[in-house]
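*Asks:* Pasting target10.txt here (compact mmCIF, C-alpha atoms):
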```
# COMPACT_ATOMS: atom_id res chain seq x y z
CA MET Y 1 -22.69 -21.39 54.88
CA LYS Y 2 -21.17 -18.24 56.40
CA ASN Y 3 -22.37 -16.60 59.65
CA ARG Y 4 -25.74 -18.23 60.04
CA GLN Y 5 -25.81 -17.90 63.80
CA TYR Y 6 -28.10 -14.85 63.64
CA LYS Y 7 -31.59 -15.53 64.91
CA TYR Y 8 -33.34 -12.70 66.70
CA THR Y 9 -36.55 -11.85 68.48
CA PHE Y 10 -37.26 -8.13 68.75
CA LEU Y 11 -40.01 -6.07 70.37
CA PHE Y 12 -40.67 -2.57 69.04
CA TYR Y 13 -43.46 -0.13 68.15
CA PRO Y 14 -44.42 1.13 64.67
CA ALA Y 15 -43.21 4.63 63.90
CA LEU Y 16 -46.65 5.88 62.97
CA LEU Y 17 -48.45 4.45 66.00
CA LEU Y 18 -51.07 6.96 67.12
CA SER Y 19 -52.06 5.25 70.39
CA CYS Y 20 -50.21 3.88 73.36
CA ALA Y 21 -51.05 0.25 72.57
CA SER Y 22 -48.04 -1.98 71.97
CA THR Y 23 -47.48 -4.23 69.00
CA GLY Y 24 -46.69 -7.92 69.01
CA SER Y 25 -43.17 -9.27 69.05
CA ILE Y 26 -41.06 -8.82 65.94
CA THR Y 27 -38.97 -11.82 64.86
CA VAL Y 28 -36.05 -11.59 62.45
CA SER Y 29 -34.33 -14.75 61.25
CA ASN Y 30 -32.01 -15.85 58.49
CA VAL Y 31 -34.04 -17.66 55.82
CA ASN Y 32 -31.25 -20.21 55.49
CA ASP Y 33 -32.02 -21.30 59.05
CA SER Y 34 -35.82 -21.17 58.76
CA GLY Y 35 -37.87 -24.27 58.17
CA PRO Y 36 -39.81 -24.89 54.96
CA SER Y 37 -43.09 -23.87 56.61
CA ALA Y 38 -41.80 -20.57 58.00
CA SER Y 39 -44.03 -17.57 57.35
CA PHE Y 40 -43.09 -13.89 57.23
CA SER Y 41 -44.55 -10.50 56.45
CA TYR Y 42 -41.38 -8.91 55.08
CA ILE Y 43 -38.03 -10.03 53.65
CA TYR Y 44 -34.80 -8.13 53.17
CA ALA Y 45 -31.16 -8.91 52.38
CA LEU Y 46 -27.77 -7.49 53.16
CA PRO Y 47 -26.07 -6.18 50.02
CA GLN Y 48 -22.84 -7.58 48.64
CA THR Y 49 -20.43 -5.93 46.22
CA VAL Y 50 -19.72 -7.55 42.86
CA VAL Y 51 -16.67 -6.30 40.96
CA ASP Y 52 -17.24 -5.76 37.23
CA VAL Y 53 -14.21 -5.87 34.96
CA TYR Y 54 -14.80 -4.57 31.43
CA ILE Y 55 -12.17 -5.57 28.88
CA LYS Y 56 -11.75 -4.09 25.42
CA ALA Y 57 -9.33 -5.74 23.01
CA GLU Y 58 -8.64 -5.64 19.28
CA GLU Y 59 -8.53 -8.56 16.91
CA THR Y 60 -6.39 -7.88 13.83
CA GLN Y 61 -7.03 -10.36 11.06
CA ILE Y 62 -4.64 -10.34 8.09
CA ILE Y 63 -5.86 -11.71 4.75
CA PRO Y 64 -2.98 -12.28 2.29
CA GLY Y 65 -3.10 -10.54 -1.08
CA PRO Y 66 -3.30 -12.57 -4.30
CA TYR Y 67 0.09 -11.19 -5.44
CA HIS Y 68 1.98 -11.69 -2.18
CA LYS Y 69 4.56 -13.93 -3.89
CA PHE Y 70 5.69 -11.06 -6.09
CA ALA Y 71 5.76 -8.26 -3.47
CA GLU Y 72 9.54 -8.38 -3.13
CA LYS Y 73 10.25 -8.93 -6.83
CA TYR Y 74 8.24 -6.00 -8.19
CA LEU Y 75 7.93 -3.66 -5.21
CA GLY Y 76 10.84 -4.57 -2.96
CA ILE Y 77 8.50 -5.40 -0.06
CA GLN Y 78 9.87 -8.23 2.06
CA HIS Y 79 7.99 -10.68 4.27
CA ALA Y 80 4.55 -10.01 2.81
CA PRO Y 81 1.96 -12.20 4.62
CA SER Y 82 1.44 -15.46 2.78
CA LYS Y 83 -1.23 -17.05 4.97
CA PRO Y 84 -4.14 -15.82 7.11
CA GLU Y 85 -3.05 -14.51 10.50
CA LYS Y 86 -4.72 -13.25 13.67
CA HIS Y 87 -3.27 -11.00 16.33
CA TYR Y 88 -4.87 -9.76 19.54
CA ALA Y 89 -4.03 -6.76 21.70
CA LEU Y 90 -5.52 -5.44 24.96
CA ARG Y 91 -6.68 -1.83 24.65
CA GLU Y 92 -8.64 -0.94 27.78
CA ILE Y 93 -9.53 -2.36 31.21
CA VAL Y 94 -12.18 -0.66 33.36
CA LEU Y 95 -13.02 -1.48 36.99
CA GLU Y 96 -16.55 -0.88 38.22
CA LYS Y 97 -19.01 -2.51 40.63
CA HIS Y 98 -22.65 -3.26 41.24
CA THR Y 99 -24.62 -4.34 44.29
CA GLU Y 100 -26.80 -7.40 44.68
CA ALA Y 101 -28.31 -9.42 47.50
CA ASP Y 102 -25.96 -11.62 49.51
CA PRO Y 103 -27.56 -15.11 49.47
CA ASP Y 104 -26.03 -15.90 52.88
CA PHE Y 105 -27.70 -12.93 54.53
CA ILE Y 106 -31.36 -12.91 53.56
CA TYR Y 107 -33.66 -12.25 56.51
CA SER Y 108 -37.37 -12.81 57.08
CA VAL Y 109 -39.27 -10.47 59.38
CA LYS Y 110 -42.59 -11.31 61.01
CA SER Y 111 -45.37 -9.03 62.23
CA ILE Y 112 -44.45 -5.89 60.26
CA ALA Y 113 -47.30 -4.44 58.24
CA ASN Y 114 -45.22 -1.72 56.59
CA PRO Y 115 -41.46 -1.62 57.37
CA GLU Y 116 -41.10 1.79 55.72
CA ASN Y 117 -43.15 3.29 58.55
CA ASN Y 118 -40.22 2.64 60.87
CA PRO Y 119 -37.64 5.43 60.43
CA GLY Y 120 -34.76 3.11 61.32
CA ILE Y 121 -35.66 0.58 58.63
CA SER Y 122 -36.59 3.32 56.19
CA ARG Y 123 -33.18 4.99 56.51
CA LEU Y 124 -31.40 1.71 55.91
CA LEU Y 125 -33.53 1.03 52.82
CA ASP Y 126 -32.99 4.53 51.43
CA SER Y 127 -29.22 4.33 51.87
CA LYS Y 128 -29.17 0.80 50.34
CA MET Y 129 -27.56 -0.59 53.50
CA ILE Y 130 -30.26 -3.24 53.32
CA LEU Y 131 -32.13 -4.32 50.20
CA SER Y 132 -35.82 -4.99 49.80
CA SER Y 133 -36.79 -7.94 47.62
CA GLN Y 134 -37.35 -5.75 44.56
CA PHE Y 135 -33.61 -4.96 44.50
CA PHE Y 136 -32.35 -8.51 44.97
CA SER Y 137 -31.23 -8.74 41.35
CA ALA Y 138 -30.38 -6.37 38.48
CA ASP Y 139 -29.93 -6.50 34.72
CA HIS Y 140 -26.41 -7.09 33.44
CA THR Y 141 -25.75 -7.65 29.74
CA SER Y 142 -22.49 -8.70 28.08
CA PHE Y 143 -21.87 -8.24 24.37
CA TYR Y 144 -19.75 -10.48 22.20
CA THR Y 145 -18.36 -9.68 18.77
CA LEU Y 146 -18.43 -12.29 16.03
CA PRO Y 147 -15.11 -12.82 14.20
CA VAL Y 148 -14.71 -11.73 10.59
CA ASP Y 149 -14.89 -14.55 8.03
CA PRO Y 150 -11.76 -14.39 5.80
CA GLU Y 151 -13.81 -15.75 2.91
CA ALA Y 152 -15.93 -12.60 3.03
CA ILE Y 153 -12.88 -10.47 2.15
CA GLN Y 154 -12.52 -10.38 -1.62
CA TYR Y 155 -10.05 -8.67 -3.93
CA THR Y 156 -12.02 -7.50 -6.94
CA ASP Y 157 -9.79 -4.80 -8.48
CA LEU Y 158 -6.80 -6.84 -9.64
CA SER Y 159 -5.64 -4.72 -12.56
CA VAL Y 160 -6.46 -1.71 -14.72
CA LYS Y 161 -5.90 -3.75 -17.86
CA ARG Y 162 -7.67 -6.62 -19.55
CA ASN Y 163 -7.40 -10.15 -18.21
CA PHE Y 164 -6.33 -11.45 -21.62
CA GLU Y 165 -3.55 -10.64 -24.06
CA ALA Y 166 -3.37 -11.18 -27.80
CA GLU Y 167 -1.00 -13.93 -28.92
CA LYS Y 168 0.19 -13.03 -32.46
CA ASP Y 169 1.84 -14.83 -35.41
CA ILE Y 170 -0.32 -17.93 -35.33
CA GLU Y 171 -0.39 -19.51 -38.80
CA VAL Y 172 -3.77 -20.73 -39.87
CA SER Y 173 -3.95 -23.11 -42.90
CA LEU Y 174 -6.77 -22.43 -45.30
CA THR Y 175 -6.20 -25.57 -47.40
CA MET Y 176 -9.46 -27.10 -48.43
CA PRO Y 177 -9.72 -30.82 -47.56
CA ASP Y 178 -9.57 -33.39 -50.41
CA THR Y 179 -8.50 -30.72 -52.89
CA LEU Y 180 -5.28 -29.32 -54.24
CA TYR Y 181 -6.49 -25.76 -53.65
CA SER Y 182 -4.86 -23.79 -50.87
CA THR Y 183 -4.38 -20.18 -49.90
CA ARG Y 184 -1.46 -18.40 -48.35
CA PRO Y 185 -1.18 -18.95 -44.58
CA ALA Y 186 -2.67 -16.03 -42.60
CA ASN Y 187 -1.90 -14.53 -39.19
CA ARG Y 188 -4.59 -14.47 -36.52
CA ASN Y 189 -4.60 -12.91 -33.03
CA VAL Y 190 -5.63 -15.44 -30.37
CA LEU Y 191 -6.67 -14.28 -26.87
CA LYS Y 192 -4.63 -15.85 -24.10
CA GLU Y 193 -5.29 -15.48 -20.37
CA LYS Y 194 -2.55 -13.64 -18.50
CA THR Y 195 -0.58 -15.41 -15.82
CA ILE Y 196 -0.85 -14.23 -12.21
CA GLU Y 197 2.71 -12.91 -12.41
CA GLN Y 198 1.84 -10.81 -15.43
CA LYS Y 199 -1.11 -9.35 -13.54
CA ALA Y 200 1.11 -8.70 -10.52
CA GLU Y 201 3.65 -6.88 -12.69
CA GLU Y 202 0.92 -4.70 -14.22
CA ALA Y 203 -0.45 -3.87 -10.77
CA ALA Y 204 3.05 -3.00 -9.54
CA ASN Y 205 3.65 -0.73 -12.52
CA PHE Y 206 0.32 0.98 -11.90
CA LEU Y 207 1.29 1.56 -8.27
CA ILE Y 208 4.52 3.21 -9.33
CA LYS Y 209 2.61 5.46 -11.73
CA LEU Y 210 0.20 6.47 -8.97
CA LYS Y 211 3.09 7.48 -6.71
CA LYS Y 212 4.67 9.52 -9.48
CA ARG Y 213 1.42 11.33 -10.23
CA ARG Y 214 0.80 12.05 -6.57
CA PHE Y 215 4.31 13.48 -6.26
CA LYS Y 216 3.76 15.69 -9.31
CA LEU Y 217 0.51 16.97 -7.82
CA VAL Y 218 2.16 17.81 -4.51
CA ALA Y 219 5.18 19.35 -6.26
CA GLY Y 220 2.94 21.39 -8.58
CA GLN Y 221 4.50 20.03 -11.76
CA TYR Y 222 1.27 19.98 -13.80
CA ASP Y 223 0.30 22.92 -16.01
CA CYS Y 224 -3.26 22.82 -14.70
CA MET Y 225 -3.47 22.17 -10.97
CA PRO Y 226 -6.57 21.60 -8.80
CA GLU Y 227 -7.00 24.02 -5.93
CA GLY Y 228 -8.45 24.00 -2.46
CA GLU Y 229 -10.83 21.12 -1.75
CA ALA Y 230 -10.31 19.76 -5.26
CA MET Y 231 -6.61 19.22 -4.51
CA ALA Y 232 -7.42 17.50 -1.19
CA ASP Y 233 -10.01 15.28 -2.89
CA ALA Y 234 -7.58 14.35 -5.68
CA LEU Y 235 -4.83 13.40 -3.22
CA ALA Y 236 -7.28 11.42 -1.07
CA GLU Y 237 -8.52 9.48 -4.10
CA LEU Y 238 -4.97 8.70 -5.23
CA ALA Y 239 -4.15 7.49 -1.71
CA ARG Y 240 -7.28 5.31 -1.66
CA ILE Y 241 -6.46 3.68 -5.00
CA GLU Y 242 -2.84 3.17 -3.95
CA LYS Y 243 -3.97 1.48 -0.73
CA GLU Y 244 -6.28 -0.87 -2.65
CA TYR Y 245 -3.55 -1.92 -5.06
CA LEU Y 246 -0.91 -2.21 -2.36
CA ALA Y 247 -3.26 -4.61 -0.52
CA LEU Y 248 -2.93 -6.98 -3.50
CA PHE Y 249 0.67 -7.53 -2.38
CA ILE Y 250 0.75 -7.01 1.39
CA GLY Y 251 -2.83 -8.15 2.16
CA ARG Y 252 -5.60 -6.49 4.13
CA SER Y 253 -5.88 -5.98 7.87
CA VAL Y 254 -9.36 -6.16 9.38
CA ILE Y 255 -9.49 -4.75 12.91
CA THR Y 256 -12.43 -5.79 15.09
CA SER Y 257 -13.16 -4.55 18.60
CA VAL Y 258 -13.66 -7.46 21.01
CA GLU Y 259 -15.28 -6.79 24.40
CA ARG Y 260 -15.66 -9.08 27.39
CA THR Y 261 -17.11 -8.63 30.87
CA PHE Y 262 -15.95 -10.51 33.96
CA HIS Y 263 -17.63 -10.47 37.38
CA TYR Y 264 -16.08 -11.41 40.70
CA THR Y 265 -17.72 -11.48 44.14
CA PRO Y 266 -15.25 -10.91 47.01
CA VAL Y 267 -15.44 -13.44 49.83
CA SER Y 268 -16.95 -12.34 53.15
CA GLY Y 269 -14.55 -12.33 56.06
CA ASN Y 270 -11.42 -11.96 53.93
CA ASN Y 271 -9.20 -8.89 54.01
CA SER Y 272 -7.87 -9.53 50.52
CA ASP Y 273 -8.58 -11.48 47.36
CA ARG Y 274 -6.42 -12.48 44.43
CA ILE Y 275 -8.03 -14.15 41.44
CA VAL Y 276 -6.92 -14.93 37.89
CA LEU Y 277 -9.86 -13.69 35.80
CA PHE Y 278 -8.58 -15.09 32.50
CA ARG Y 279 -5.43 -15.38 30.42
CA PHE Y 280 -4.67 -13.32 27.34
CA SER Y 281 -2.56 -14.33 24.36
CA GLU Y 282 -1.47 -12.18 21.41
CA ARG Y 283 -2.05 -15.19 19.17
CA ASP Y 284 -5.25 -16.68 20.66
CA GLY Y 285 -6.87 -13.77 22.48
CA PHE Y 286 -9.00 -14.59 25.53
CA LEU Y 287 -8.20 -17.91 27.22
CA ASP Y 288 -9.62 -19.68 30.24
CA ALA Y 289 -7.90 -18.95 33.54
CA LYS Y 290 -6.87 -22.61 33.85
CA GLU Y 291 -5.08 -22.76 30.51
CA ALA Y 292 -1.31 -22.54 30.29
CA GLY Y 293 -0.90 -20.08 27.40
CA GLY Y 294 -0.83 -16.31 27.45
CA LEU Y 295 -0.40 -13.89 30.34
CA PRO Y 296 -2.57 -14.09 33.49
CA VAL Y 297 -4.94 -11.16 34.03
CA ILE Y 298 -5.11 -10.87 37.82
CA LEU Y 299 -7.56 -8.98 40.03
CA ASN Y 300 -6.07 -7.99 43.40
CA ILE Y 301 -8.35 -6.63 46.13
CA GLU Y 302 -7.02 -5.31 49.44
CA ALA Y 303 -9.22 -4.02 52.27
CA ALA Y 304 -8.26 -0.58 53.59
CA ASN Y 305 -9.60 -1.43 57.08
CA LYS Y 306 -11.51 1.83 57.35
CA THR Y 307 -14.19 0.12 59.48
CA ALA Y 308 -11.75 -1.50 61.91
CA GLY Y 309 -12.96 0.84 64.68
CA LEU Y 310 -16.43 -0.69 64.49
CA GLU Y 311 -15.26 -4.07 65.76
CA LYS Y 312 -16.60 -3.28 69.23
CA TYR Y 313 -20.07 -3.03 67.69
CA ILE Y 314 -19.98 -6.48 66.12
CA ILE Y 315 -23.25 -8.37 66.56
CA PRO Y 316 -23.45 -10.39 69.78
CA LEU Y 317 -24.78 -13.93 69.78
CA LYS Y 318 -27.88 -12.73 71.66
CA PRO Y 319 -28.65 -9.22 70.42
CA SER Y 320 -31.02 -6.93 72.27
CA VAL Y 321 -34.58 -6.24 71.15
CA ASN Y 322 -35.52 -3.52 68.68
CA THR Y 323 -32.35 -3.97 66.64
CA LEU Y 324 -31.78 -4.91 63.01
CA PRO Y 325 -28.54 -6.42 61.58
CA TYR Y 326 -26.86 -4.67 58.66
CA ARG Y 327 -23.37 -4.31 57.24
CA ILE Y 328 -21.21 -1.20 56.74
CA PRO Y 329 -18.91 -1.54 53.69
CA ASP Y 330 -15.17 -1.08 53.97
CA GLN Y 331 -13.03 0.71 51.43
CA ALA Y 332 -10.97 -1.56 49.18
CA ILE Y 333 -8.14 -0.98 46.73
CA LEU Y 334 -8.49 -2.92 43.49
CA LYS Y 335 -5.75 -3.47 40.92
CA ILE Y 336 -5.61 -5.27 37.59
CA THR Y 337 -2.26 -6.63 36.42
CA VAL Y 338 -1.49 -8.33 33.13
CA GLY Y 339 1.55 -10.48 33.76
CA GLU Y 340 3.73 -8.13 35.81
CA GLN Y 341 2.31 -4.90 34.35
CA LEU Y 342 -0.22 -2.80 36.25
CA TRP Y 343 -3.09 -1.78 33.93
CA THR Y 344 -5.65 -0.06 36.14
CA GLU Y 345 -6.62 0.49 39.76
CA ALA Y 346 -9.62 1.82 41.65
CA THR Y 347 -10.91 2.40 45.17
CA LEU Y 348 -14.41 1.02 45.73
CA PRO Y 349 -16.62 0.18 48.73
CA VAL Y 350 -16.91 -3.57 49.38
CA TYR Y 351 -19.66 -4.72 51.76
CA GLN Y 352 -18.10 -8.13 52.38
CA TYR Y 353 -15.00 -6.54 53.95
CA GLY Y 354 -17.04 -4.31 56.28
CA ALA Y 355 -18.37 -4.66 59.81
CA MET Y 356 -21.65 -6.33 60.73
CA VAL Y 357 -23.50 -4.08 63.20
CA MET Y 358 -26.98 -3.58 64.64
CA ALA Y 359 -29.36 -0.72 63.94
CA ASP Y 360 -31.26 0.56 66.97
CA LEU Y 361 -34.90 0.86 65.95
CA GLN Y 362 -35.89 2.68 69.15
CA ASN Y 363 -34.36 5.97 67.98
CA ARG Y 364 -37.28 7.31 65.93
```
Written as structure tokens, that's how I'd like the structure from this file.
*Replies:*
Amino acid sequence: MKNRQYKYTFLFYPALLLSCASTGSITVSNVNDSGPSASFSYIYALPQTVVDVYIKAEETQIIPGPYHKFAEKYLGIQHAPSKPEKHYALREIVLEKHTEADPDFIYSVKSIANPENNPGISRLLDSKMILSSQFFSADHTSFYTLPVDPEAIQYTDLSVKRNFEAEKDIEVSLTMPDTLYSTRPANRNVLKEKTIEQKAEEAANFLIKLKKRRFKLVAGQYDCMPEGEAMADALAELARIEKEYLALFIGRSVITSVERTFHYTPVSGNNSDRIVLFRFSERDGFLDAKEAGGLPVILNIEAANKTAGLEKYIIPLKPSVNTLPYRIPDQAILKITVGEQLWTEATLPVYQYGAMVMADLQNR
């Protein structure tokens, strides 16, 4: 447990005292050092800074098209995806902070009816240099995005033609059984399901027709041409249909935004911190910091030592009466690196890097 040597006995007068009578002694002690039967009239805590790292990434999921085998043969498209794939990419990293109670510096105060009546305590509460019990914790919510199920992606528009073709020249005997009577053989059209390659060829031919028609529209080669918004709508619809049919060969890409939140509490007494928050892989996305794959996402924190001049005011082992311990935050420079690349940086106040001093409650 850090810095638990603080146990104080103070004597002071309430700020709103209307007579000359003195109050009883005021005792302040760290609750971590108090016994289980200790009583108090007020409790407060020193704040600590928690660094919040908000990560936004993208998951790109590729679902192969049903005609991917024929993409090169009929459209000249090489390396069409043939199996489901996932790719991840970092898009944004934001550094922020919030304040919460430091569990190592929670103090109990005896014999105070209303601490807000003391201007010294009131100023510290208003400036959030100390926290009353109602501010010991805050709401923090993290959202997680569910992955897209590849089975939910269906290709329904496979062709503009029928799924069957007529197979001609099939001779059908009309000879009656157990008789010598027969008729001339006749031809009958029999429906036969098309192969997947036949469907792919039809879809490819349709794509080529779409491109030709779009070019003729743009080049103004039709006798009757749409104008204004009608032209824009016609081109947009042709592009939409072309995209749907092209997906039959090259597959579909479903892009999902993936967000994560990481929190880190700097260590009191340190002048710097370096922590691997997680690892990130283009193939697997977010990984645990202890795993071997991916690139490490590192949070670096360096104190600016802006409060170094307050060292002479550091709390003595036996502080004087009418004083209250609190902590002045120091400025810190925070940086996030992914591998060797710097992604973002910020300058934020960090209480844990600051100086522990005493507030004089006699100055009212």
*Asks:* Name the residues in contact with region 268-277 of chain Y at a cut-off of 7 Å, using only C-alpha atoms, excluding same-chain residues fewer than 2 positions from it; report them as a PDB file with C-alpha atoms, keeping the file's coordinate frame.
*Replies:*
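Contents of out01.pdb, freshly written:
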```pdb
ATOM      1  CA  PRO Y 266     -15.250 -10.910  47.010  1.00  0.00           C
ATOM      2  CA  ALA Y 289      -7.900 -18.950  33.540  1.00  0.00           C
ATOM      3  CA  PRO Y 296      -2.570 -14.090  33.490  1.00  0.00           C
ATOM      4  CA  VAL Y 297      -4.940 -11.160  34.030  1.00  0.00           C
ATOM      5  CA  ILE Y 298      -5.110 -10.870  37.820  1.00  0.00           C
ATOM      6  CA  LEU Y 299      -7.560  -8.980  40.030  1.00  0.00           C
ATOM      7  CA  ASN Y 300      -6.070  -7.990  43.400  1.00  0.00           C
ATOM      8  CA  ILE Y 301      -8.350  -6.630  46.130  1.00  0.00           C
ATOM      9  CA  GLU Y 302      -7.020  -5.310  49.440  1.00  0.00           C
ATOM     10  CA  ALA Y 303      -9.220  -4.020  52.270  1.00  0.00           C
ATOM     11  CA  GLN Y 352     -18.100  -8.130  52.380  1.00  0.00           C
ATOM     12  CA  TYR Y 353     -15.000  -6.540  53.950  1.00  0.00           C
TER      13      TYR Y 353
END
```
*Asks:* Determine, counting only C-alpha atoms, which protein, DNA and RNA residues have an atom within 9 Å of an atom of Asp330 (chain Y); residues of the same chain fewer than 2 positions away are not included. Present the result as a ChimeraX atom specification.
*Replies:* /Y:303-308,328,332,348-355
*Asks:* For Gly285 (chain Y), which of Y:Ser253, Y:Thr60, Y:Thr323, Y:Asn32 is the closest residue, counting all atoms listed in the file?
*Replies:*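 Comparing Y:Ser253, Y:Thr60, Y:Thr323, Y:Asn32 against Gly285 (chain Y), the winner is Y:Thr60.
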*Asks:* Calculated over all atoms listed in the file, which of the candidates Y:His79, Y:Lys69, Y:Lys199, Y:His87 has the smallest distance to Phe280 (chain Y)?
*Replies:* Y:His87
*Asks:* Could you check the closest approach to Ile112 (chain Y) for each of Y:Gln331, Y:Leu295, Y:Ser41, Y:Thr99 and tell me which residue wins, using only C-alpha atoms?
*Replies:* Y:Ser41
*Asks:* When you look at Ser137 (chain Y) with a cut-off of 10 Å (counting all atoms listed in the file), what residues show up, excluding the ones that are within fewer than 5 positions of it in the same chain? I need them as a PDB file with C-alpha atoms, in the coordinates of the input.
*Replies:*
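around-v9.pdb was written with the following content:
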```
ATOM      1  CA  THR Y  99     -24.620  -4.340  44.290  1.00  0.00           C
ATOM      2  CA  GLU Y 100     -26.800  -7.400  44.680  1.00  0.00           C
ATOM      3  CA  ALA Y 101     -28.310  -9.420  47.500  1.00  0.00           C
ATOM      4  CA  LEU Y 131     -32.130  -4.320  50.200  1.00  0.00           C
TER       5      LEU Y 131
END
```
*Asks:* What does the distance between CA of Thr195 (chain Y) and CA of Tyr67 (chain Y) come to in Å, to one decimal place?
*Replies:*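 Value for the CA of Thr195 (chain Y)-CA of Tyr67 (chain Y) distance: 11.2 Å.
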*Asks:* Around region 124-132 of chain Y, fit a box with edges along x, y and z, padding it by 3 Å on each side, then list its centre and edge lengths in Å to one decimal as AutoDock Vina command-line options.
*Replies:*
```
--center_x -31.7 --center_y -0.2 --center_z 52.9 --size_x 14.3 --size_y 15.5 --size_z 12.1
```
*Asks:* Just the number, please: distance in Å from CA of Met231 (chain Y) to CA of Ala219 (chain Y), one decimal.
*Replies:*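 So the two atoms, CA of Met231 (chain Y) and CA of Ala219 (chain Y), lie 11.9 Å apart.
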*Asks:* Just give me the residues with any atom within 9 Å of (7.6, -4.8, -8.5), file coordinates, counting all atoms listed in the file, written as an mmCIF file with C-alpha atoms, in the coordinates of the input.
*Replies:*
```cif
data_model
loop_
_atom_site.group_PDB
_atom_site.id
_atom_site.type_symbol
_atom_site.label_atom_id
_atom_site.label_comp_id
_atom_site.auth_asym_id
_atom_site.auth_seq_id
_atom_site.Cartn_x
_atom_site.Cartn_y
_atom_site.Cartn_z
ATOM 1 C CA PHE Y 70 5.690 -11.060 -6.090
ATOM 2 C CA ALA Y 71 5.760 -8.260 -3.470
ATOM 3 C CA GLU Y 72 9.540 -8.380 -3.130
ATOM 4 C CA LYS Y 73 10.250 -8.930 -6.830
ATOM 5 C CA TYR Y 74 8.240 -6.000 -8.190
ATOM 6 C CA LEU Y 75 7.930 -3.660 -5.210
ATOM 7 C CA GLY Y 76 10.840 -4.570 -2.960
ATOM 8 C CA ILE Y 77 8.500 -5.400 -0.060
ATOM 9 C CA ALA Y 200 1.110 -8.700 -10.520
ATOM 10 C CA GLU Y 201 3.650 -6.880 -12.690
ATOM 11 C CA GLU Y 202 0.920 -4.700 -14.220
ATOM 12 C CA ALA Y 203 -0.450 -3.870 -10.770
ATOM 13 C CA ALA Y 204 3.050 -3.000 -9.540
ATOM 14 C CA ASN Y 205 3.650 -0.730 -12.520
ATOM 15 C CA LEU Y 207 1.290 1.560 -8.270
ATOM 16 C CA ILE Y 208 4.520 3.210 -9.330
#
```
*Asks:* Figure out the distance between CA of Pro81 (chain Y) and CA of Gly65 (chain Y), please, to one decimal in Å.
*Replies:*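 That distance, rounded to one decimal, is 7.8 Å.
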*Asks:* Check the smallest atom-to-atom distance from each of Y:Asp139, Y:Asp102, Y:Glu197, Y:Glu116 to Tyr42 (chain Y) using all atoms listed in the file, then report the winner.
*Replies:*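 For Tyr42 (chain Y), the nearest of the given residues is Y:Glu116.
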*Asks:* Considering all atoms listed in the file, can you say which of Y:Ile196, Y:Val258, Y:Ala80, Y:Leu210 comes closest to Glu58 (chain Y)?
*Replies:*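 Once distances to Glu58 (chain Y) are computed over all atoms listed in the file, the minimum belongs to Y:Val258.
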